[in-house]
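All remarks here apply to the structure that follows.
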Amino acid sequence: MSGLQCLASENIWFDKHRYDEAERRFYEGANGPSSSHGGDQELVSRMKTLELENQTLHKVVQDMRAALQKLESRVAFLEKSPSAAAVPSSKAAPTQQVRVENGDDDEDDDDDMDLFGSDEDDEETARLKQERVDAYAAKKAKKPALIAKSSILLDVKPWDDETDMAKLEECVRSVQVDGLLWGASKLLPVGYGIKKLQINCVVEDDKVGTDLLEEEITKFEDYVQSVDVAAFNKI
């Protein structure tokens, strides 16, 4: 058999892609796909890092809670026992210097360890508080007091149709007292050619009332027969 015939009978080179595929599958079965294996390793590494960080944060939170509980307990004790200020603890002021003069250690300790302020501080605080109260009272006193006012609508009726209504209105407006301000007016028919004067005014409640207005207006008996309150509204 010639060399050409031998080469024609051998088909391994023509099936090379099949052998390459078989080899790739063999290695993947033994070691797993390289890309997937690397991704799993990275994911596991990240999870471990997160777990360590979570444990660290959890410990920090526990330490902060413990410190806060101690602080709350200390504050509650000081609030319930004001006399504790007179008995300073050796742990409460480790940096205080104790002077020993003439063998009187206890008295010097009380003078040096002023943990909660002195009487002078209390007096200064009380003084500042009083100054603020006085300043607020003075500021409030400067504000103008709210004046209660009312709007009143009066019906002033004449004797007959021959009454001079212009003169009647002039008489009504001549009533001038402190806290009274006259407003708009108009004539309204009553019947049989008679008209009444309807006039508005604003009054300060503490100074002027409806009784005073009726009494003053009815004094003009030559023009005024009666006075009625048509409307009364608080402003």
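Lettering and numbering for the structure tokens are positional, with chains as A, B, ... in the shown order, residues counted from 1 in each chain, and ligands counted from 1 in the shown order.
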
Using only C-alpha atoms, find each residue in stretch 202-223 of chain A having at least one atom no more than 8 Å away from stretch 172-191 of chain A; report its shortest atom-to-atom pair and that distance in Å (one decimal), rows by chain then rising number, as CSV.
residue,atom,partner,partner_atom,distance
A:Val202,CA,A:Leu181,CA,5.2
A:Val203,CA,A:Leu180,CA,4.7
A:Glu204,CA,A:Gly179,CA,5.0
A:Lys207,CA,A:Gly179,CA,5.8
A:Val208,CA,A:Gly179,CA,6.3
A:Glu216,CA,A:Val175,CA,6.8
A:Ile217,CA,A:Val172,CA,5.8

Have a look at atom CA of A:Arg74 and atom CA of A:Lys129 and let me know their distance in Å, one decimal.
27.2 Å

Which residue of A:Ala148, A:Ile235, A:Cys171, A:Ile194 approaches A:Phe220 most closely, using only C-alpha atoms
A:Cys171

Name the residues in contact with A:Phe232 at a cut-off of 9 Å, using only C-alpha atoms, excluding same-chain residues fewer than 2 positions from it; report them as an NGL selection string.
:A and (150-154 or 229-230 or 234)

Write out, as a JSON list (two decimals), in the first residue's frame, the residues just selected, with all heavy atoms.
[["chain", "number", "residue", "atom", "x", "y", "z"],
["A", 150, "SER", "N", -67.39, 96.31, 68.25],
["A", 150, "SER", "CA", -68.62, 95.78, 67.67],
["A", 150, "SER", "C", -69.12, 96.73, 66.58],
["A", 150, "SER", "O", -68.90, 97.94, 66.64],
["A", 150, "SER", "CB", -69.71, 95.60, 68.73],
["A", 150, "SER", "OG", -69.29, 94.69, 69.73],
["A", 151, "SER", "N", -69.78, 96.14, 65.59],
["A", 151, "SER", "CA", -70.42, 96.92, 64.54],
["A", 151, "SER", "C", -71.93, 96.91, 64.78],
["A", 151, "SER", "O", -72.55, 95.83, 64.87],
["A", 151, "SER", "CB", -70.09, 96.32, 63.16],
["A", 151, "SER", "OG", -70.80, 97.00, 62.15],
["A", 152, "ILE", "N", -72.52, 98.11, 64.88],
["A", 152, "ILE", "CA", -73.94, 98.24, 65.21],
["A", 152, "ILE", "C", -74.65, 98.98, 64.07],
["A", 152, "ILE", "O", -74.17, 100.01, 63.59],
["A", 152, "ILE", "CB", -74.14, 99.01, 66.53],
["A", 152, "ILE", "CG1", -73.36, 98.31, 67.67],
["A", 152, "ILE", "CG2", -75.62, 99.12, 66.87],
["A", 152, "ILE", "CD1", -73.44, 99.06, 68.98],
["A", 153, "LEU", "N", -75.80, 98.44, 63.67],
["A", 153, "LEU", "CA", -76.64, 99.07, 62.65],
["A", 153, "LEU", "C", -77.92, 99.54, 63.32],
["A", 153, "LEU", "O", -78.67, 98.73, 63.88],
["A", 153, "LEU", "CB", -76.94, 98.07, 61.52],
["A", 153, "LEU", "CG", -77.68, 98.63, 60.31],
["A", 153, "LEU", "CD1", -76.82, 99.68, 59.60],
["A", 153, "LEU", "CD2", -78.06, 97.51, 59.34],
["A", 154, "LEU", "N", -78.16, 100.87, 63.28],
["A", 154, "LEU", "CA", -79.29, 101.46, 63.97],
["A", 154, "LEU", "C", -80.36, 101.91, 62.97],
["A", 154, "LEU", "O", -80.05, 102.40, 61.88],
["A", 154, "LEU", "CB", -78.83, 102.68, 64.79],
["A", 154, "LEU", "CG", -77.82, 102.40, 65.91],
["A", 154, "LEU", "CD1", -77.39, 103.72, 66.54],
["A", 154, "LEU", "CD2", -78.41, 101.47, 66.96],
["A", 229, "VAL", "N", -82.12, 98.69, 67.28],
["A", 229, "VAL", "CA", -80.89, 98.05, 66.82],
["A", 229, "VAL", "C", -81.25, 97.03, 65.74],
["A", 229, "VAL", "O", -81.89, 96.02, 66.02],
["A", 229, "VAL", "CB", -80.16, 97.36, 67.99],
["A", 229, "VAL", "CG1", -78.91, 96.63, 67.48],
["A", 229, "VAL", "CG2", -79.79, 98.36, 69.06],
["A", 230, "ALA", "N", -80.84, 97.31, 64.50],
["A", 230, "ALA", "CA", -81.17, 96.41, 63.39],
["A", 230, "ALA", "C", -80.19, 95.24, 63.30],
["A", 230, "ALA", "O", -80.56, 94.14, 62.89],
["A", 230, "ALA", "CB", -81.18, 97.20, 62.06],
["A", 234, "LYS", "N", -69.97, 91.33, 66.47],
["A", 234, "LYS", "CA", -68.65, 91.51, 67.06],
["A", 234, "LYS", "C", -67.59, 91.57, 65.96],
["A", 234, "LYS", "O", -67.67, 90.84, 64.97],
["A", 234, "LYS", "CB", -68.32, 90.35, 68.01],
["A", 234, "LYS", "CG", -69.18, 90.32, 69.26],
["A", 234, "LYS", "CD", -68.77, 91.42, 70.22],
["A", 234, "LYS", "CE", -69.53, 91.30, 71.54],
["A", 234, "LYS", "NZ", -69.14, 92.37, 72.49]]

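Straight-line separation from atom CA of A:Thr163 to atom CA of A:Gly209: 27.0 Å.
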
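Across the structure, atom CA of A:Asp206 and atom CA of A:Leu168 are spaced 27.2 Å apart.
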
Excluding A:Glu214 and residues on its chain fewer than 6 positions from it, collect all residues at most 9 Å away from it, counting only C-alpha atoms, and give them as a CSV table (one decimal) with C-alpha atoms, in the first residue's frame.
chain,number,residue,atom,x,y,z
A,226,SER,CA,-87.5,105.8,68.2
A,227,VAL,CA,-84.2,104.0,67.8
A,228,ASP,CA,-83.9,100.3,67.2
A,229,VAL,CA,-80.9,98.0,66.8
